[in-house]
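Colleague: My structure is below; once you've seen it, I'll send some questions.
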Amino acid sequence: MTHATPETLEAEARAQLDALLARAEPLKAKDRLKIPPQPMPSQPAAVRRGNIEEVALGFGPAQARLEALRCWQCKNAPCIEGCPVRIDIPGFVRAIAENRLEEAIAILKRNTILPAICGRVCPQETQCQEKCTVGKALKDVNAAVAIGRLERYAADWEREQGCAAPPAVKPETGKKVAVIGSGPASITVAADVRREGHAVTMFEAFHKPGGVLLYGIPEFRLPKRIVELEIATLRAMGVEIRTNFVVGRTRTLRQLLDEDGYDAVFIGAGAGLPKFMNIPGENLVGVFSANEYLTRANLMRAYDKARAHTPIYPSRKVAVLGGGNVAMDAARMALRIGAEEVHLVYRRTEVEMPARVEEVAHAKEEGVEFHLLQNAKRILGDEYGRVKAIECVRYELGEPDESGRRRPVEVKGSEFVMDVDTVIVAIGNEPNPLIRQTTEGLQTSRWGTILADEATGQTSLERVYAGGDIVLGAATVILAMGEGRRAAAAINAMLATR
Amino acid sequence: MHRIVQKRQLSDEVFLLRVEAPLIAAARRPGQFVIVQADSEFGERIPLTIADADPAAGTITLIFQVVGHTTHRLAALPEGGAIENVLGPLGRPTHIEKVGTVVCVGGGIGVAPLHPIAQGMKLAGNRVVIVIGARNAKLVILEDEMRAIADELIVCTDDGSRGRKALVTAPLKELCERSPKPDLAVAIGPPIMMKFCAETTRPYGVPTVVSLNTIMVDGTGMCGGCRVTVGGQTRFVCVDGPEFDGHQVDFDNLMQRLRTYKPREDELHERCHLELGIARLEGRRP
Ligand SMILES: Cc1cc2nc3c(=O)[nH]c(=O)nc-3n(C[C@H](O)[C@H](O)[C@H](O)COP(=O)(O)OP(=O)(O)OC[C@H]3O[C@@H](n4cnc5c(N)ncnc54)[C@H](O)[C@@H]3O)c2cc1C
Ligand SMILES: Cc1cc2nc3c(=O)[nH]c(=O)nc-3n(C[C@H](O)[C@H](O)[C@H](O)COP(=O)(O)OP(=O)(O)OC[C@H]3O[C@@H](n4cnc5c(N)ncnc54)[C@H](O)[C@@H]3O)c2cc1C
Ligand code: SF4
Ligand code: SF4
Ligand code: FES
């Protein structure tokens, strides 16, 4: 979040790094505290608003080593507690500091198969970095060791070296596993199960695999070539990927088990059902779910107006309802599609926003206008049924609710109207009911999530496992990956005795 | 890749493709549809009803009217060529049971999706009256196929060039006035036609099923782009439909939503006419 060029940042870091490396005596904690946190080189806001390219450009080698030197190598390593998959953070950070990148990547891969992705999209400030001692010492979570950026650095280095060989696969066992969906949970299961020598078929409803990583999270945050590479690795390992296949319709889950000879099934179908506000005017022309807007833009590449055949609504003034990552992505995508103004309307304050801090900052820099403690009450249309305005009401914070967040309460009589031509609803997603409805005996919660054992992912049905957003509700990439890991281990153990 | 095993031109604007899709052919039931995409990189995903299926041969039949960019591209594919992506079968199957007399009303291309439903209704033991409507004689499709199913067949055209000179609502009204009145009406065609069919049957209390053709992206309930208002509630056509109670559907909202991308579609349509070097089509739907 700086306007210095990558070259300048790298040159400054190089000078500081050389000075530190030239010292005879080892670095003490207080020396490390003096190293300035390394800013992420990024495209200037005014430029990136007009393109789809990645915003954060990644550390240079000196920046990465310098940042890694900030780590105290704490004995108790509280950062590890904050990481859902318990990566050996001091271990890989030290390897980067000492310029042993191959070792850094090897340490990362013991616990995650998607470091290039998690390094980019994890909400680090509420996970690993929240617990970091250096951040605590400096009384600022944003001054913690930049664990995610270092993880990304190591993974990008490996990719650019072209040395990422697909993991070794054991001899064929003759057993078959079906994996439903192709998001992070399913990618992890496919890789871990295939490694043991079992045949794996991945079924994806869309025409391209990747799940939310492909259709939801935009190119400017997660370049699609990174996701495509992970998919290519699966293919190289011998995973069969069948796109345009919707389980529950093309074949049912029961048919896969009983007729098609699969020994186990993993359900990683995600939480793809968009929630709406249930306010008047929501079906007017110009009101979209964030899922639709982002799918048109990402998967169908509607931003490429010269080539894509899928249209996207030509907006001038957009209101985005919500405060999570999905809302930020939709708002920033709307700017890139050509909107002149984007207004983000959120019921609570910035502190409660579930979005990653970095995305909130990026959105502001790019000119998204934040309307906090406000909520949409109804959407107004013109005589052609098109959106022309949105009526909002102001909120104030009341008593804390069960989650400990102060509950926003409506201020009576504070309604006002804002002129917009597009409304994007980004208030969350729920699990798609299709598999539940077409699979007898599969137990689900009252929110529609599939009930699965926390340790193994086992569902109420024998040989059927589940994980990721379909179990957790809309969660995160790293949690989905962690669930996939555990389910794969349980599937492998089950198959070993079959 | 789905190979096109047969291609036929049914009328000026209407094409039939028989496409290899063994799993879909085996699983599909009347009323269901597929999402088709000509190419994965930049193609659009569009819904088309499965007009017929042959599970033994592993093929499904699609019948579509050339209205815009994607349907043009599909029409330009040769026999033996292939469609990159076909997803399905999607949507809820038609509820088919023996109710007595069923009037099946098809307008324009709507006759294609109506065909498997009429067939199913007949097999279930109903008396089936079929009304086919089109703008003119050249646009009447599947007349022979429908005659083979129907206990009574009525053809009408806007200009009288074939059958009666009337809109489909005229014979529908007469059928409702008969005694006994029909037990069920099924109307499929342009939204405006379905709207007026529903208005025609409403005073007679004849339950009327319509099949809605909203804009779609995924077809699996993920985007909400296909939502419609039915009985004051928001429903997703791809998973809750495509068939709904015609007396409950807010057709005006549906028609407005169908025009969401009009300017962009017209631009692409114009472009493919230039590319294919053909004259601009008149009277597009909906
Ligand atoms: C716009 C957006 C931004 C996000 N940003 C972040 C972020 O910055 N950081 C973060 O950690 N998380 C983020 N998330 C959340 C994160 O992407 C998800 O938690 C994660 O992708 C869930 O992974 P999954 O494997 O459970 O399923 P998904 O990634 O949801 O994949 C499920 C796949 O299954 C397919 N499928 C569903 N049903 C069927 C069926 N019946 N048959 C065949 N295929 C089926 C779907 O088409 C889909 O491709 C974001 C989500 C969105 C939508
Ligand atoms: C469940 C269902 C079943 C259908 N079955 C048939 C069928 O059997 N035969 C047939 O000819 N047509 C059918 N349609 C309509 C068909 O999908 C559209 O005619 C087609 O999408 C037009 O695409 P285009 O690119 O050629 O035209 P465009 O120029 O893009 O659009 C022409 C018109 O088609 C509609 N349309 C555009 N994009 C979409 C989209 N992604 N999804 C749906 N409609 C769209 C709009 O109203 C638009 O004004 C069906 C629609 C639905 C929802
Ligand atoms: S996977 Fe996520 S939480 Fe774990 S160390 Fe990496 S960035 Fe932090
Ligand atoms: S808590 Fe912070 S300083 Fe300590 S080991 Fe982890 S990353 Fe390094
Ligand atoms: S087409 Fe996306 S939800 Fe129906």
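Chain labels A, B, ... are given in the sequence in which chains occur in the structure tokens; within each chain residues are numbered consecutively from 1, and ligands are likewise numbered from 1 in the order shown.
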Please extract the residues at most 6 Å from ligand 1, counting only C-alpha atoms and all ligand atoms, and provide them as number ranges by chain, using the chain letters and residue numbers of this document.

Modeller: A: 121-123, 180-186, 203-206, 210-213, 216-217, 245-248, 268-271, 325-326, 329, 435, 468-470, 474-478, 480

Colleague: Please provide the set of residues having any atom within 10 Å of Val368 (chain A), restricted to only C-alpha atoms, with same-chain residues fewer than 4 positions apart removed, written as a PyMOL selection string.

Modeller: chain A and resi 318-320+328+331-332+334-335+340-344+360-364

Colleague: Go ahead and write the residues just picked, N, CA and C atoms, as a PDB file, in the first residue's frame.

Modeller:
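The resulting file, part.pdb, is reproduced below:
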ATOM      1  N   VAL A 318     -23.232   2.303  -8.620  1.00  0.00           N
ATOM      2  CA  VAL A 318     -23.518   0.985  -8.089  1.00  0.00           C
ATOM      3  C   VAL A 318     -23.605   1.038  -6.564  1.00  0.00           C
ATOM      4  N   ALA A 319     -24.585   0.341  -5.998  1.00  0.00           N
ATOM      5  CA  ALA A 319     -24.604   0.125  -4.551  1.00  0.00           C
ATOM      6  C   ALA A 319     -24.310  -1.342  -4.302  1.00  0.00           C
ATOM      7  N   VAL A 320     -23.344  -1.627  -3.424  1.00  0.00           N
ATOM      8  CA  VAL A 320     -23.043  -3.005  -3.038  1.00  0.00           C
ATOM      9  C   VAL A 320     -23.490  -3.163  -1.595  1.00  0.00           C
ATOM     10  N   MET A 328     -16.440  -6.717  -1.096  1.00  0.00           N
ATOM     11  CA  MET A 328     -15.279  -5.957  -1.588  1.00  0.00           C
ATOM     12  C   MET A 328     -14.965  -6.333  -3.035  1.00  0.00           C
ATOM     13  N   ALA A 331     -17.518  -4.863  -5.395  1.00  0.00           N
ATOM     14  CA  ALA A 331     -17.382  -3.409  -5.507  1.00  0.00           C
ATOM     15  C   ALA A 331     -16.186  -3.054  -6.399  1.00  0.00           C
ATOM     16  N   ARG A 332     -15.084  -3.735  -6.157  1.00  0.00           N
ATOM     17  CA  ARG A 332     -13.872  -3.412  -6.920  1.00  0.00           C
ATOM     18  C   ARG A 332     -13.988  -3.896  -8.359  1.00  0.00           C
ATOM     19  N   ALA A 334     -16.818  -3.911  -9.999  1.00  0.00           N
ATOM     20  CA  ALA A 334     -17.712  -2.949 -10.657  1.00  0.00           C
ATOM     21  C   ALA A 334     -16.921  -1.738 -11.160  1.00  0.00           C
ATOM     22  N   LEU A 335     -15.938  -1.298 -10.378  1.00  0.00           N
ATOM     23  CA  LEU A 335     -15.089  -0.193 -10.836  1.00  0.00           C
ATOM     24  C   LEU A 335     -14.355  -0.576 -12.107  1.00  0.00           C
ATOM     25  N   GLU A 340     -18.758   4.518 -12.556  1.00  0.00           N
ATOM     26  CA  GLU A 340     -18.164   5.789 -12.142  1.00  0.00           C
ATOM     27  C   GLU A 340     -18.128   5.908 -10.623  1.00  0.00           C
ATOM     28  N   GLU A 341     -19.170   5.404  -9.974  1.00  0.00           N
ATOM     29  CA  GLU A 341     -19.230   5.483  -8.507  1.00  0.00           C
ATOM     30  C   GLU A 341     -19.647   4.130  -7.964  1.00  0.00           C
ATOM     31  N   VAL A 342     -18.982   3.718  -6.893  1.00  0.00           N
ATOM     32  CA  VAL A 342     -19.419   2.498  -6.219  1.00  0.00           C
ATOM     33  C   VAL A 342     -19.589   2.802  -4.738  1.00  0.00           C
ATOM     34  N   HIS A 343     -20.792   2.526  -4.225  1.00  0.00           N
ATOM     35  CA  HIS A 343     -21.121   2.799  -2.825  1.00  0.00           C
ATOM     36  C   HIS A 343     -21.326   1.487  -2.095  1.00  0.00           C
ATOM     37  N   LEU A 344     -20.562   1.285  -1.033  1.00  0.00           N
ATOM     38  CA  LEU A 344     -20.702   0.058  -0.271  1.00  0.00           C
ATOM     39  C   LEU A 344     -21.529   0.361   0.984  1.00  0.00           C
ATOM     40  N   VAL A 360     -10.165  -4.205   2.306  1.00  0.00           N
ATOM     41  CA  VAL A 360     -10.896  -2.991   2.671  1.00  0.00           C
ATOM     42  C   VAL A 360     -10.041  -1.772   2.311  1.00  0.00           C
ATOM     43  N   ALA A 361      -8.765  -1.851   2.657  1.00  0.00           N
ATOM     44  CA  ALA A 361      -7.860  -0.740   2.357  1.00  0.00           C
ATOM     45  C   ALA A 361      -7.750  -0.529   0.847  1.00  0.00           C
ATOM     46  N   HIS A 362      -7.600  -1.620   0.118  1.00  0.00           N
ATOM     47  CA  HIS A 362      -7.496  -1.507  -1.339  1.00  0.00           C
ATOM     48  C   HIS A 362      -8.756  -0.901  -1.934  1.00  0.00           C
ATOM     49  N   ALA A 363      -9.898  -1.341  -1.434  1.00  0.00           N
ATOM     50  CA  ALA A 363     -11.169  -0.835  -1.971  1.00  0.00           C
ATOM     51  C   ALA A 363     -11.255   0.679  -1.759  1.00  0.00           C
ATOM     52  N   LYS A 364     -10.858   1.131  -0.564  1.00  0.00           N
ATOM     53  CA  LYS A 364     -10.913   2.573  -0.284  1.00  0.00           C
ATOM     54  C   LYS A 364      -9.962   3.337  -1.201  1.00  0.00           C
TER      55      LYS A 364
END

Colleague: State, in Å with one decimal place, the distance from CA of Phe370 (chain A) to CA of Arg348 (chain A).

Modeller: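 Interatomic distance here is 11.2 Å.
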
Colleague: Write out as a list in words each polymer residue (protein, DNA or RNA) that has an atom no more than 9 Å from ligand 5, with only C-alpha atoms and all ligand atoms counted.

Modeller: Leu273, Pro274, Asn291 and Glu292 of chain A; Pro47, Thr214, Ile215, Met216, Val217, Asp218, Gly219, Thr220, Gly221, Met222, Cys223, Gly224, Gly225, Cys226, Arg227, Phe236, Val237, Cys238, Val239 and Asp240 of chain B

Colleague: Give the residues of chain A that lie within 7 Å of chain B; count only C-alpha atoms, and format the answer as a VMD selection string.

Modeller: chain A and resid 207 244 to 245 249 to 250 272 to 274 285 288 to 289 291 to 292 300 to 301 307 to 311 313 384 to 385

Colleague: Go ahead and save the residues from that selection, with N, CA and C atoms, as a CSV table (one decimal), in the first residue's frame.

Modeller:
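Contents of the output file out-v9.csv:
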chain,number,residue,atom,x,y,z
A,207,HIS,N,-18.1,-25.5,-16.3
A,207,HIS,CA,-17.2,-26.0,-17.4
A,207,HIS,C,-15.7,-25.9,-17.1
A,244,ASN,N,-18.9,-30.1,-16.3
A,244,ASN,CA,-20.3,-30.3,-16.8
A,244,ASN,C,-21.0,-31.5,-16.2
A,245,PHE,N,-20.7,-31.8,-15.0
A,245,PHE,CA,-21.3,-32.9,-14.3
A,245,PHE,C,-21.9,-32.5,-13.0
A,249,ARG,N,-28.0,-34.7,-10.4
A,249,ARG,CA,-28.8,-34.6,-11.7
A,249,ARG,C,-28.2,-35.5,-12.8
A,250,THR,N,-26.9,-35.3,-13.1
A,250,THR,CA,-26.3,-36.1,-14.2
A,250,THR,C,-26.3,-37.5,-13.7
A,272,GLY,N,-22.9,-22.3,-2.3
A,272,GLY,CA,-23.1,-21.5,-3.5
A,272,GLY,C,-24.4,-20.9,-3.7
A,273,LEU,N,-25.3,-20.9,-2.7
A,273,LEU,CA,-26.6,-20.4,-2.9
A,273,LEU,C,-26.7,-19.0,-2.3
A,274,PRO,N,-26.9,-18.0,-3.2
A,274,PRO,CA,-26.9,-16.6,-2.7
A,274,PRO,C,-28.1,-16.2,-1.9
A,285,VAL,N,-34.8,-4.9,-12.7
A,285,VAL,CA,-33.6,-5.1,-13.6
A,285,VAL,C,-32.5,-4.2,-13.0
A,288,PHE,N,-28.4,-7.6,-8.8
A,288,PHE,CA,-27.7,-8.9,-9.0
A,288,PHE,C,-27.2,-9.5,-7.7
A,289,SER,N,-27.1,-10.8,-7.6
A,289,SER,CA,-26.4,-11.4,-6.5
A,289,SER,C,-24.9,-11.2,-6.8
A,291,ASN,N,-22.7,-13.3,-6.5
A,291,ASN,CA,-22.3,-14.5,-7.3
A,291,ASN,C,-22.5,-14.4,-8.8
A,292,GLU,N,-23.7,-13.8,-9.1
A,292,GLU,CA,-23.9,-13.7,-10.6
A,292,GLU,C,-23.0,-12.7,-11.2
A,300,MET,N,-16.8,-16.1,-16.8
A,300,MET,CA,-17.3,-15.9,-18.1
A,300,MET,C,-16.5,-14.8,-18.8
A,301,ARG,N,-15.6,-14.2,-18.0
A,301,ARG,CA,-14.7,-13.1,-18.5
A,301,ARG,C,-15.3,-11.9,-19.2
A,307,ARG,N,-14.1,-9.7,-26.4
A,307,ARG,CA,-14.1,-11.1,-26.8
A,307,ARG,C,-15.2,-12.0,-26.1
A,308,ALA,N,-15.6,-11.6,-24.9
A,308,ALA,CA,-16.5,-12.4,-24.2
A,308,ALA,C,-17.9,-12.3,-24.7
A,309,HIS,N,-18.7,-13.4,-24.8
A,309,HIS,CA,-20.0,-13.3,-25.3
A,309,HIS,C,-21.1,-13.1,-24.2
A,310,THR,N,-20.6,-13.3,-22.9
A,310,THR,CA,-21.5,-13.1,-21.8
A,310,THR,C,-21.5,-11.6,-21.5
A,311,PRO,N,-22.7,-11.0,-21.5
A,311,PRO,CA,-22.8,-9.6,-21.2
A,311,PRO,C,-22.7,-9.3,-19.7
A,313,TYR,N,-23.8,-6.0,-17.0
A,313,TYR,CA,-24.7,-4.8,-16.9
A,313,TYR,C,-23.8,-3.5,-17.0
A,384,TYR,N,-39.7,1.3,-16.5
A,384,TYR,CA,-39.3,0.1,-17.3
A,384,TYR,C,-38.8,-1.1,-16.3
A,385,GLY,N,-39.0,-0.8,-15.0
A,385,GLY,CA,-38.6,-1.9,-14.1
A,385,GLY,C,-37.1,-1.9,-13.8

Colleague: Produce as a PyMOL selection string the set of residues near ligand 4, where near means within 8 Å with only C-alpha atoms and all ligand atoms considered.

Modeller: chain A and resi 70-80+89-90+93+128-129+131-135+144-147

Colleague: Let's have the selection written as a PDB file, in the first residue's frame, with N, CA and C atoms.

Modeller:
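Output below, filename part02.pdb:
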ATOM      1  N   ARG A  70      12.611 -10.208  10.524  1.00  0.00           N
ATOM      2  CA  ARG A  70      11.874  -9.569  11.612  1.00  0.00           C
ATOM      3  C   ARG A  70      11.348 -10.606  12.611  1.00  0.00           C
ATOM      4  N   CYS A  71      11.291 -11.857  12.184  1.00  0.00           N
ATOM      5  CA  CYS A  71      10.717 -12.911  13.040  1.00  0.00           C
ATOM      6  C   CYS A  71      11.672 -13.255  14.183  1.00  0.00           C
ATOM      7  N   TRP A  72      11.107 -13.365  15.382  1.00  0.00           N
ATOM      8  CA  TRP A  72      11.898 -13.664  16.576  1.00  0.00           C
ATOM      9  C   TRP A  72      12.181 -15.151  16.753  1.00  0.00           C
ATOM     10  N   GLN A  73      11.592 -15.974  15.940  1.00  0.00           N
ATOM     11  CA  GLN A  73      11.760 -17.423  16.088  1.00  0.00           C
ATOM     12  C   GLN A  73      11.326 -17.873  17.485  1.00  0.00           C
ATOM     13  N   CYS A  74      10.182 -17.392  17.901  1.00  0.00           N
ATOM     14  CA  CYS A  74       9.694 -17.697  19.254  1.00  0.00           C
ATOM     15  C   CYS A  74       9.667 -19.208  19.497  1.00  0.00           C
ATOM     16  N   LYS A  75      10.082 -19.613  20.699  1.00  0.00           N
ATOM     17  CA  LYS A  75      10.087 -21.048  21.061  1.00  0.00           C
ATOM     18  C   LYS A  75       8.670 -21.605  21.045  1.00  0.00           C
ATOM     19  N   ASN A  76       7.731 -20.859  21.657  1.00  0.00           N
ATOM     20  CA  ASN A  76       6.351 -21.364  21.734  1.00  0.00           C
ATOM     21  C   ASN A  76       5.557 -21.100  20.444  1.00  0.00           C
ATOM     22  N   ALA A  77       6.113 -20.267  19.562  1.00  0.00           N
ATOM     23  CA  ALA A  77       5.498 -19.961  18.261  1.00  0.00           C
ATOM     24  C   ALA A  77       3.975 -19.825  18.307  1.00  0.00           C
ATOM     25  N   PRO A  78       3.460 -18.786  18.914  1.00  0.00           N
ATOM     26  CA  PRO A  78       2.002 -18.622  18.990  1.00  0.00           C
ATOM     27  C   PRO A  78       1.355 -18.503  17.610  1.00  0.00           C
ATOM     28  N   CYS A  79       2.112 -18.039  16.636  1.00  0.00           N
ATOM     29  CA  CYS A  79       1.581 -17.913  15.277  1.00  0.00           C
ATOM     30  C   CYS A  79       1.031 -19.240  14.770  1.00  0.00           C
ATOM     31  N   ILE A  80       1.708 -20.339  15.140  1.00  0.00           N
ATOM     32  CA  ILE A  80       1.260 -21.657  14.652  1.00  0.00           C
ATOM     33  C   ILE A  80      -0.149 -21.958  15.164  1.00  0.00           C
ATOM     34  N   ILE A  89       5.539 -22.125  11.015  1.00  0.00           N
ATOM     35  CA  ILE A  89       5.818 -20.770  10.529  1.00  0.00           C
ATOM     36  C   ILE A  89       7.258 -20.325  10.813  1.00  0.00           C
ATOM     37  N   PRO A  90       7.735 -20.422  12.057  1.00  0.00           N
ATOM     38  CA  PRO A  90       9.132 -20.013  12.274  1.00  0.00           C
ATOM     39  C   PRO A  90      10.083 -20.780  11.354  1.00  0.00           C
ATOM     40  N   VAL A  93       9.850 -19.376   7.730  1.00  0.00           N
ATOM     41  CA  VAL A  93      10.284 -17.976   7.700  1.00  0.00           C
ATOM     42  C   VAL A  93      11.813 -17.899   7.840  1.00  0.00           C
ATOM     43  N   CYS A 128      -2.872 -16.392  11.681  1.00  0.00           N
ATOM     44  CA  CYS A 128      -1.478 -16.486  12.128  1.00  0.00           C
ATOM     45  C   CYS A 128      -0.921 -15.149  12.635  1.00  0.00           C
ATOM     46  N   GLN A 129      -1.174 -14.086  11.890  1.00  0.00           N
ATOM     47  CA  GLN A 129      -0.527 -12.815  12.233  1.00  0.00           C
ATOM     48  C   GLN A 129      -1.133 -12.159  13.475  1.00  0.00           C
ATOM     49  N   LYS A 131      -1.681 -13.583  16.211  1.00  0.00           N
ATOM     50  CA  LYS A 131      -1.010 -14.130  17.379  1.00  0.00           C
ATOM     51  C   LYS A 131       0.473 -13.767  17.434  1.00  0.00           C
ATOM     52  N   CYS A 132       0.993 -13.149  16.396  1.00  0.00           N
ATOM     53  CA  CYS A 132       2.451 -12.964  16.280  1.00  0.00           C
ATOM     54  C   CYS A 132       3.018 -12.052  17.373  1.00  0.00           C
ATOM     55  N   THR A 133       4.097 -12.519  18.009  1.00  0.00           N
ATOM     56  CA  THR A 133       4.748 -11.790  19.100  1.00  0.00           C
ATOM     57  C   THR A 133       5.252 -10.416  18.656  1.00  0.00           C
ATOM     58  N   VAL A 134       5.784 -10.354  17.458  1.00  0.00           N
ATOM     59  CA  VAL A 134       6.320  -9.083  16.965  1.00  0.00           C
ATOM     60  C   VAL A 134       5.182  -8.055  16.828  1.00  0.00           C
ATOM     61  N   GLY A 135       4.076  -8.486  16.326  1.00  0.00           N
ATOM     62  CA  GLY A 135       2.911  -7.603  16.222  1.00  0.00           C
ATOM     63  C   GLY A 135       2.490  -7.125  17.596  1.00  0.00           C
ATOM     64  N   ALA A 144       2.804  -7.104  12.467  1.00  0.00           N
ATOM     65  CA  ALA A 144       3.264  -8.474  12.705  1.00  0.00           C
ATOM     66  C   ALA A 144       4.141  -8.911  11.538  1.00  0.00           C
ATOM     67  N   VAL A 145       4.888  -9.992  11.731  1.00  0.00           N
ATOM     68  CA  VAL A 145       5.642 -10.557  10.613  1.00  0.00           C
ATOM     69  C   VAL A 145       4.639 -10.891   9.500  1.00  0.00           C
ATOM     70  N   ALA A 146       4.953 -10.501   8.274  1.00  0.00           N
ATOM     71  CA  ALA A 146       4.011 -10.688   7.160  1.00  0.00           C
ATOM     72  C   ALA A 146       4.056 -12.136   6.683  1.00  0.00           C
ATOM     73  N   ILE A 147       3.492 -13.017   7.498  1.00  0.00           N
ATOM     74  CA  ILE A 147       3.597 -14.460   7.253  1.00  0.00           C
ATOM     75  C   ILE A 147       2.977 -14.843   5.901  1.00  0.00           C
TER      76      ILE A 147
END

Colleague: Choose the residue, out of B:Ile132, B:Ile188, B:Met194, B:Val105, that has the smallest atom-to-atom separation from ligand 2; count only C-alpha atoms and all ligand atoms.

Modeller: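 When distances to ligand 2 are compared using only C-alpha atoms and all ligand atoms, the smallest one comes from B:Ile188.
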
Colleague: Please identify all polymer residues within 12 Å of region 443-457 of chain A, counting only C-alpha atoms, omitting same-chain residues fewer than 6 positions from it, and present them as a count of residues only.

Modeller: 48

Colleague: What does the distance from CA of Val99 (chain B) to CA of Leu184 (chain B) come to in Å, to one decimal?

Modeller: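 These two atoms are separated by 7.4 Å.
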
Colleague: Which one is closest to ligand 2: A:Ile312, A:Ile105, A:Ile337, A:Ala327? Count only C-alpha atoms and all ligand atoms.

Modeller: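 Smallest distance to ligand 2 is found for A:Ile312.
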